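S.K.: Pasting a structure here, questions to come.
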Amino acid sequence: ASAAAWSGGISAFLSAWLEQHPEVLRVAMFAALPGEPDLRSLHQLRSEREFLYPLVLPGNQLSFHLVGDPETLRSGQFGIQEPDLQTHPPVRPEEIDVVLCPGLAFAADGTRLGRGGGFYDRVLEQLRADVPRIGVGFALQWVPSLPREAHDVSMTHFVNENGLLPLRIPPAGS
């Protein structure tokens with residue numbers, strides 16, 4: 001199978017999850033970098049939802065913006081497809097209902113290995129406590145354990161081409 005086929009499977013599992021969670025209206029997602037799952041098909045599968053994409057701001061901050069069509073994203077910092085401030089309105093972190101997080105690796109305790117910089121961790125800290133944080137990757141990115149840092153925010157779920165599973169998150173402070 002190819003990364004494109006795997007990405008289609010991941011989008012299908014996420015679409016099924018969203019169907020079971022009608023309360024989840026605003027979906028924070030990401031434009032795929034090479035090697036990451038491409039979730040653009042979710043726009044067609046779940047056109048009733050609002051999709052938000054991250055924009056890199058000065059100081060390693062991310063803001064999320066409403067994007068109706070992923071084709072309207074433009075190439076931004078680090079070559080990542082990003083929203084345009086002129087055409088995509090910002091959405092406050094408190095208004096996000098689920099976050100789909102990319103990463104280099106994911107572990108069963110909810111640890112996510114990002115690309116460094118803490119971009120996502122800073123946004124995840126600002127979310128409502130009940131917001132699902134779904135790590136998105138391929139099965140080969142699933143590892144037994146990862147080192148954790150104090151600022152790391154745990155994922156509540158992990159989705160890959162084989163399915164979506166809830167994670168066992170250790171209690172805070174453990």
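Residue numbers start at 1 in each chain; chains themselves are named A, B, ... in the order of the structure tokens; ligands are numbered from 1 in the order shown.
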Would you mind listing what lies within 12 Å of Ser15 (chain A) as a PyMOL selection string, with only C-alpha atoms counted and same-chain residues fewer than 3 positions away left out?

M.R.: chain A and resi 8-12+18-22+24+27+39-49+159+163-164

S.K.: Which residues come within 9 Å of Glu50 (chain A), counting only C-alpha atoms, excluding same-chain residues fewer than 6 positions away, as a VMD selection string?

M.R.: chain A and resid 25 to 28 43 66 to 68

S.K.: So which residues touch Leu165 (chain A) within 10 Å, counting only C-alpha atoms, skipping near sequence neighbours fewer than 2 positions away, as a compact mmCIF listing (two decimals) with N, CA and C atoms, in the first residue's frame?

M.R.:
# COMPACT_ATOMS: atom_id res chain seq x y z
N ALA A 108 1.84 4.73 23.34
CA ALA A 108 0.57 4.33 23.95
C ALA A 108 0.16 5.20 25.14
N ILE A 134 -6.16 14.16 18.86
CA ILE A 134 -5.94 12.93 18.11
C ILE A 134 -4.61 13.00 17.36
N GLY A 135 -3.68 12.16 17.75
CA GLY A 135 -2.43 12.05 17.01
C GLY A 135 -2.69 11.33 15.70
N THR A 156 -5.07 12.14 23.27
CA THR A 156 -6.12 11.31 23.86
C THR A 156 -6.42 10.11 22.98
N HIS A 157 -6.06 10.19 21.68
CA HIS A 157 -6.32 9.13 20.70
C HIS A 157 -5.15 9.10 19.72
N PHE A 158 -5.07 7.98 19.00
CA PHE A 158 -4.13 7.87 17.88
C PHE A 158 -4.88 7.23 16.72
N VAL A 159 -4.72 7.78 15.52
CA VAL A 159 -5.33 7.19 14.33
C VAL A 159 -4.24 6.92 13.30
N ASN A 160 -4.34 5.73 12.70
CA ASN A 160 -3.47 5.38 11.58
C ASN A 160 -4.32 4.63 10.56
N ASN A 162 -4.89 1.69 10.18
CA ASN A 162 -5.55 0.50 10.71
C ASN A 162 -6.73 0.80 11.63
N GLY A 163 -6.89 2.06 12.03
CA GLY A 163 -8.01 2.39 12.90
C GLY A 163 -7.69 3.54 13.84
N LEU A 167 -6.22 6.35 23.90
CA LEU A 167 -4.95 6.04 24.54
C LEU A 167 -5.10 6.06 26.06
N ARG A 168 -4.21 5.31 26.70
CA ARG A 168 -4.18 5.27 28.16
C ARG A 168 -3.27 6.39 28.64

S.K.: Would you compute the distance between CA of Pro93 (chain A) and CA of Ser63 (chain A)? Give it in Å to one decimal.

M.R.: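 Separating CA of Pro93 (chain A) from CA of Ser63 (chain A) is a distance of 8.1 Å.
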
S.K.: Using Å and a single decimal, report how far CA of Leu62 (chain A) sits from CA of Gly118 (chain A).

M.R.: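 About the pair CA of Gly118 (chain A) and CA of Leu62 (chain A): they are 9.7 Å apart.
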
S.K.: Using only C-alpha atoms, find the one residue out of A:Tyr53, A:Tyr120, A:Trp142, A:Trp6 that sits nearest to Ile80 (chain A).

M.R.: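 Nearest to Ile80 (chain A): A:Tyr53.
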
S.K.: Considering only C-alpha atoms, can you say which of A:Arg128, A:Arg122, A:His151, A:Arg133 comes closest to Gly59 (chain A)?

M.R.: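 Checking each of A:Arg128, A:Arg122, A:His151, A:Arg133 against Gly59 (chain A), counting only C-alpha atoms, the winner is A:Arg122.
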
S.K.: Can you measure CA of Pro58 (chain A) to CA of Pro102 (chain A) for me? One decimal in Å is fine.

M.R.: 20.4 Å

S.K.: As a list in words, list the residues of region 29-128 of chain A assigned to helix (DSSP H, G or I) by DSSP on the backbone atoms of this structure.

M.R.: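 Residues of region 29-128 of chain A classed as helix (DSSP H, G or I): Leu42, His43, Gln44, Leu45, Pro70, Glu71, Thr72, Gln77, Phe78, Gly79, Pro93, Glu94, Glu95, Phe119, Tyr120, Asp121, Arg122, Val123 and Leu124 of chain A.
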
S.K.: Which neighbours of Leu113 (chain A) fall inside 6 Å, counting only C-alpha atoms, when residues of the same chain fewer than 3 positions from it are skipped, and could you give them as a list in words?

M.R.: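 Returned residues: Gly103, Leu104 and Ala105 of chain A.
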
S.K.: Near Asp121 (chain A), within 8 Å and counting only C-alpha atoms, which residues show up once chain neighbours fewer than 4 positions away are dropped, as a list of chain:residue names?

M.R.: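 The neighbour list is A:Glu125, A:His151, A:Asp152, A:Val153.
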
S.K.: Can those selected residues be exported to a file as a tab-separated table (two decimals), in the first residue's frame so that it contains N, CA, C and O atoms?

M.R.:
chain	number	residue	atom	x	y	z
A	125	GLU	N	-2.30	23.48	25.16
A	125	GLU	CA	-2.50	23.93	26.54
A	125	GLU	C	-3.67	24.89	26.67
A	125	GLU	O	-4.22	25.05	27.75
A	151	HIS	N	6.62	20.11	29.21
A	151	HIS	CA	5.64	20.88	28.43
A	151	HIS	C	4.84	20.03	27.45
A	151	HIS	O	3.92	20.52	26.81
A	152	ASP	N	5.18	18.74	27.32
A	152	ASP	CA	4.48	17.89	26.36
A	152	ASP	C	3.02	17.69	26.76
A	152	ASP	O	2.73	17.38	27.91
A	153	VAL	N	2.13	17.87	25.81
A	153	VAL	CA	0.70	17.66	26.04
A	153	VAL	C	0.33	16.32	25.41
A	153	VAL	O	0.62	16.07	24.25

S.K.: Could you check the closest approach to Ala107 (chain A) for each of A:Phe13, A:Ser145, A:Met155, A:Ala31 and tell me which residue wins, using only C-alpha atoms?

M.R.: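 Counting only C-alpha atoms, the residue closest to Ala107 (chain A) is A:Ser145.
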
S.K.: Considering only C-alpha atoms, can you say which of A:Gly35, A:Gly79, A:Gly116, A:Pro70 comes closest to Gly137 (chain A)?

M.R.: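 Residue with the minimum atom-to-atom distance to Gly137 (chain A): A:Gly35.
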
S.K.: Just the residues within 7 Å of Met29 (chain A), please, counting only C-alpha atoms, with nothing from its chain fewer than 2 positions along; format it as a list in words.

M.R.: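 In the requested form, the answer reads Val27, Phe51, Leu52, Tyr53, Val99, Leu100 and Cys101 of chain A.
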
S.K.: Using only C-alpha atoms, which of the listed residues (A:Phe106, A:Gln86, A:Pro166, A:Glu161) sits closest to Ser7 (chain A)?

M.R.: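 Nearest candidate to Ser7 (chain A) out of A:Phe106, A:Gln86, A:Pro166, A:Glu161: A:Glu161.
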
S.K.: Please extract the residues of chain A with a backbone DSSP assignment of strand (DSSP E or B) and present them as a PDB file with N, CA and C atoms, in the first residue's frame.

M.R.:
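Listing of result.pdb after writing:
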ATOM      1  N   ARG A  26     -15.870  22.186  14.985  1.00  0.00           N
ATOM      2  CA  ARG A  26     -14.645  22.812  14.480  1.00  0.00           C
ATOM      3  C   ARG A  26     -13.468  21.860  14.647  1.00  0.00           C
ATOM      4  N   VAL A  27     -12.916  21.452  13.511  1.00  0.00           N
ATOM      5  CA  VAL A  27     -11.850  20.456  13.467  1.00  0.00           C
ATOM      6  C   VAL A  27     -10.536  21.148  13.098  1.00  0.00           C
ATOM      7  N   ALA A  28      -9.611  21.191  14.050  1.00  0.00           N
ATOM      8  CA  ALA A  28      -8.286  21.744  13.758  1.00  0.00           C
ATOM      9  C   ALA A  28      -7.455  20.638  13.114  1.00  0.00           C
ATOM     10  N   GLU A  50     -16.490  22.500  10.133  1.00  0.00           N
ATOM     11  CA  GLU A  50     -15.581  23.605   9.829  1.00  0.00           C
ATOM     12  C   GLU A  50     -14.161  23.125  10.066  1.00  0.00           C
ATOM     13  N   PHE A  51     -13.300  23.322   9.062  1.00  0.00           N
ATOM     14  CA  PHE A  51     -11.917  22.867   9.165  1.00  0.00           C
ATOM     15  C   PHE A  51     -10.990  24.055   9.367  1.00  0.00           C
ATOM     16  N   LEU A  52     -10.093  23.901  10.332  1.00  0.00           N
ATOM     17  CA  LEU A  52      -9.168  24.963  10.708  1.00  0.00           C
ATOM     18  C   LEU A  52      -7.751  24.491  10.422  1.00  0.00           C
ATOM     19  N   TYR A  53      -6.938  25.395   9.874  1.00  0.00           N
ATOM     20  CA  TYR A  53      -5.540  25.072   9.582  1.00  0.00           C
ATOM     21  C   TYR A  53      -4.625  26.020  10.335  1.00  0.00           C
ATOM     22  N   PRO A  54      -3.431  25.535  10.717  1.00  0.00           N
ATOM     23  CA  PRO A  54      -2.521  26.361  11.502  1.00  0.00           C
ATOM     24  C   PRO A  54      -1.706  27.323  10.632  1.00  0.00           C
ATOM     25  N   LEU A  55      -1.443  28.485  11.221  1.00  0.00           N
ATOM     26  CA  LEU A  55      -0.561  29.485  10.639  1.00  0.00           C
ATOM     27  C   LEU A  55       0.550  29.741  11.645  1.00  0.00           C
ATOM     28  N   VAL A  56       1.801  29.671  11.191  1.00  0.00           N
ATOM     29  CA  VAL A  56       2.936  29.927  12.079  1.00  0.00           C
ATOM     30  C   VAL A  56       3.095  31.438  12.261  1.00  0.00           C
ATOM     31  N   LEU A  57       3.084  31.869  13.518  1.00  0.00           N
ATOM     32  CA  LEU A  57       3.241  33.282  13.856  1.00  0.00           C
ATOM     33  C   LEU A  57       4.606  33.496  14.495  1.00  0.00           C
ATOM     34  N   GLN A  61       4.524  30.574  17.638  1.00  0.00           N
ATOM     35  CA  GLN A  61       3.117  30.431  17.999  1.00  0.00           C
ATOM     36  C   GLN A  61       2.346  29.934  16.780  1.00  0.00           C
ATOM     37  N   LEU A  62       1.247  29.232  17.040  1.00  0.00           N
ATOM     38  CA  LEU A  62       0.338  28.821  15.969  1.00  0.00           C
ATOM     39  C   LEU A  62      -1.002  29.502  16.203  1.00  0.00           C
ATOM     40  N   SER A  63      -1.627  29.962  15.124  1.00  0.00           N
ATOM     41  CA  SER A  63      -3.031  30.355  15.201  1.00  0.00           C
ATOM     42  C   SER A  63      -3.773  29.486  14.195  1.00  0.00           C
ATOM     43  N   PHE A  64      -5.044  29.191  14.491  1.00  0.00           N
ATOM     44  CA  PHE A  64      -5.845  28.363  13.600  1.00  0.00           C
ATOM     45  C   PHE A  64      -6.864  29.226  12.880  1.00  0.00           C
ATOM     46  N   HIS A  65      -7.068  28.935  11.590  1.00  0.00           N
ATOM     47  CA  HIS A  65      -7.919  29.745  10.725  1.00  0.00           C
ATOM     48  C   HIS A  65      -8.903  28.871   9.960  1.00  0.00           C
ATOM     49  N   LEU A  66     -10.118  29.396   9.790  1.00  0.00           N
ATOM     50  CA  LEU A  66     -11.183  28.701   9.078  1.00  0.00           C
ATOM     51  C   LEU A  66     -10.853  28.651   7.586  1.00  0.00           C
ATOM     52  N   ARG A  74      -1.797  28.712   1.001  1.00  0.00           N
ATOM     53  CA  ARG A  74      -0.640  29.169   0.230  1.00  0.00           C
ATOM     54  C   ARG A  74       0.632  28.670   0.921  1.00  0.00           C
ATOM     55  N   SER A  75       1.700  28.625   0.169  1.00  0.00           N
ATOM     56  CA  SER A  75       2.969  28.156   0.729  1.00  0.00           C
ATOM     57  C   SER A  75       3.513  29.205   1.696  1.00  0.00           C
ATOM     58  N   GLN A  81       1.886  24.468   3.669  1.00  0.00           N
ATOM     59  CA  GLN A  81       0.694  25.132   3.149  1.00  0.00           C
ATOM     60  C   GLN A  81      -0.056  25.756   4.317  1.00  0.00           C
ATOM     61  N   GLU A  82      -0.290  27.068   4.245  1.00  0.00           N
ATOM     62  CA  GLU A  82      -0.884  27.799   5.367  1.00  0.00           C
ATOM     63  C   GLU A  82      -2.064  28.647   4.916  1.00  0.00           C
ATOM     64  N   PRO A  90      -9.439  33.957  11.751  1.00  0.00           N
ATOM     65  CA  PRO A  90      -8.884  33.204  12.885  1.00  0.00           C
ATOM     66  C   PRO A  90      -9.994  32.661  13.789  1.00  0.00           C
ATOM     67  N   VAL A  91      -9.683  31.559  14.467  1.00  0.00           N
ATOM     68  CA  VAL A  91     -10.594  30.950  15.441  1.00  0.00           C
ATOM     69  C   VAL A  91      -9.824  30.809  16.747  1.00  0.00           C
ATOM     70  N   VAL A  98     -11.881  19.656  18.296  1.00  0.00           N
ATOM     71  CA  VAL A  98     -10.972  18.514  18.231  1.00  0.00           C
ATOM     72  C   VAL A  98      -9.711  19.001  17.510  1.00  0.00           C
ATOM     73  N   VAL A  99      -8.562  18.440  17.896  1.00  0.00           N
ATOM     74  CA  VAL A  99      -7.317  18.769  17.204  1.00  0.00           C
ATOM     75  C   VAL A  99      -6.715  17.493  16.643  1.00  0.00           C
ATOM     76  N   LEU A 100      -6.426  17.514  15.353  1.00  0.00           N
ATOM     77  CA  LEU A 100      -5.717  16.427  14.683  1.00  0.00           C
ATOM     78  C   LEU A 100      -4.258  16.857  14.613  1.00  0.00           C
ATOM     79  N   CYS A 101      -3.393  16.129  15.331  1.00  0.00           N
ATOM     80  CA  CYS A 101      -1.998  16.537  15.486  1.00  0.00           C
ATOM     81  C   CYS A 101      -1.052  15.660  14.673  1.00  0.00           C
ATOM     82  N   ALA A 105       6.407  10.565  15.791  1.00  0.00           N
ATOM     83  CA  ALA A 105       6.183   9.279  16.460  1.00  0.00           C
ATOM     84  C   ALA A 105       5.149   9.479  17.570  1.00  0.00           C
ATOM     85  N   PHE A 106       4.478   8.370  17.933  1.00  0.00           N
ATOM     86  CA  PHE A 106       3.436   8.394  18.951  1.00  0.00           C
ATOM     87  C   PHE A 106       3.576   7.141  19.811  1.00  0.00           C
ATOM     88  N   ALA A 107       3.243   7.264  21.115  1.00  0.00           N
ATOM     89  CA  ALA A 107       3.334   6.130  22.034  1.00  0.00           C
ATOM     90  C   ALA A 107       2.003   5.933  22.758  1.00  0.00           C
ATOM     91  N   ARG A 112       3.570  12.391  22.176  1.00  0.00           N
ATOM     92  CA  ARG A 112       3.745  12.692  20.758  1.00  0.00           C
ATOM     93  C   ARG A 112       5.105  13.332  20.574  1.00  0.00           C
ATOM     94  N   LEU A 113       5.856  12.841  19.602  1.00  0.00           N
ATOM     95  CA  LEU A 113       7.136  13.463  19.249  1.00  0.00           C
ATOM     96  C   LEU A 113       6.877  14.379  18.063  1.00  0.00           C
ATOM     97  N   ARG A 133      -7.625  15.200  21.538  1.00  0.00           N
ATOM     98  CA  ARG A 133      -6.372  15.506  20.853  1.00  0.00           C
ATOM     99  C   ARG A 133      -5.941  14.214  20.166  1.00  0.00           C
ATOM    100  N   ILE A 134      -6.161  14.162  18.860  1.00  0.00           N
ATOM    101  CA  ILE A 134      -5.938  12.926  18.111  1.00  0.00           C
ATOM    102  C   ILE A 134      -4.614  12.999  17.359  1.00  0.00           C
ATOM    103  N   GLY A 135      -3.679  12.158  17.753  1.00  0.00           N
ATOM    104  CA  GLY A 135      -2.428  12.046  17.015  1.00  0.00           C
ATOM    105  C   GLY A 135      -2.692  11.333  15.699  1.00  0.00           C
ATOM    106  N   VAL A 136      -2.150  11.876  14.602  1.00  0.00           N
ATOM    107  CA  VAL A 136      -2.396  11.335  13.273  1.00  0.00           C
ATOM    108  C   VAL A 136      -1.069  10.891  12.672  1.00  0.00           C
ATOM    109  N   TRP A 142       4.150   4.320  15.279  1.00  0.00           N
ATOM    110  CA  TRP A 142       3.726   3.892  16.622  1.00  0.00           C
ATOM    111  C   TRP A 142       4.898   3.205  17.292  1.00  0.00           C
ATOM    112  N   VAL A 143       5.303   3.674  18.462  1.00  0.00           N
ATOM    113  CA  VAL A 143       6.456   3.113  19.172  1.00  0.00           C
ATOM    114  C   VAL A 143       6.050   2.760  20.606  1.00  0.00           C
ATOM    115  N   HIS A 157      -6.064  10.193  21.681  1.00  0.00           N
ATOM    116  CA  HIS A 157      -6.318   9.135  20.701  1.00  0.00           C
ATOM    117  C   HIS A 157      -5.150   9.096  19.718  1.00  0.00           C
ATOM    118  N   PHE A 158      -5.069   7.985  18.996  1.00  0.00           N
ATOM    119  CA  PHE A 158      -4.132   7.872  17.879  1.00  0.00           C
ATOM    120  C   PHE A 158      -4.883   7.227  16.723  1.00  0.00           C
ATOM    121  N   VAL A 159      -4.718   7.776  15.519  1.00  0.00           N
ATOM    122  CA  VAL A 159      -5.334   7.194  14.330  1.00  0.00           C
ATOM    123  C   VAL A 159      -4.245   6.917  13.303  1.00  0.00           C
ATOM    124  N   ASN A 160      -4.343   5.726  12.701  1.00  0.00           N
ATOM    125  CA  ASN A 160      -3.473   5.384  11.582  1.00  0.00           C
ATOM    126  C   ASN A 160      -4.315   4.635  10.557  1.00  0.00           C
ATOM    127  N   GLY A 163      -6.892   2.057  12.025  1.00  0.00           N
ATOM    128  CA  GLY A 163      -8.005   2.388  12.905  1.00  0.00           C
ATOM    129  C   GLY A 163      -7.691   3.539  13.844  1.00  0.00           C
ATOM    130  N   LEU A 164      -8.682   3.869  14.683  1.00  0.00           N
ATOM    131  CA  LEU A 164      -8.557   4.959  15.658  1.00  0.00           C
ATOM    132  C   LEU A 164      -8.713   4.359  17.042  1.00  0.00           C
ATOM    133  N   LEU A 165      -7.739   4.608  17.913  1.00  0.00           N
ATOM    134  CA  LEU A 165      -7.847   4.031  19.253  1.00  0.00           C
ATOM    135  C   LEU A 165      -7.650   5.078  20.333  1.00  0.00           C
ATOM    136  N   PRO A 166      -8.439   4.979  21.421  1.00  0.00           N
ATOM    137  CA  PRO A 166      -8.209   5.830  22.582  1.00  0.00           C
ATOM    138  C   PRO A 166      -6.931   5.397  23.287  1.00  0.00           C
TER     139      PRO A 166
END
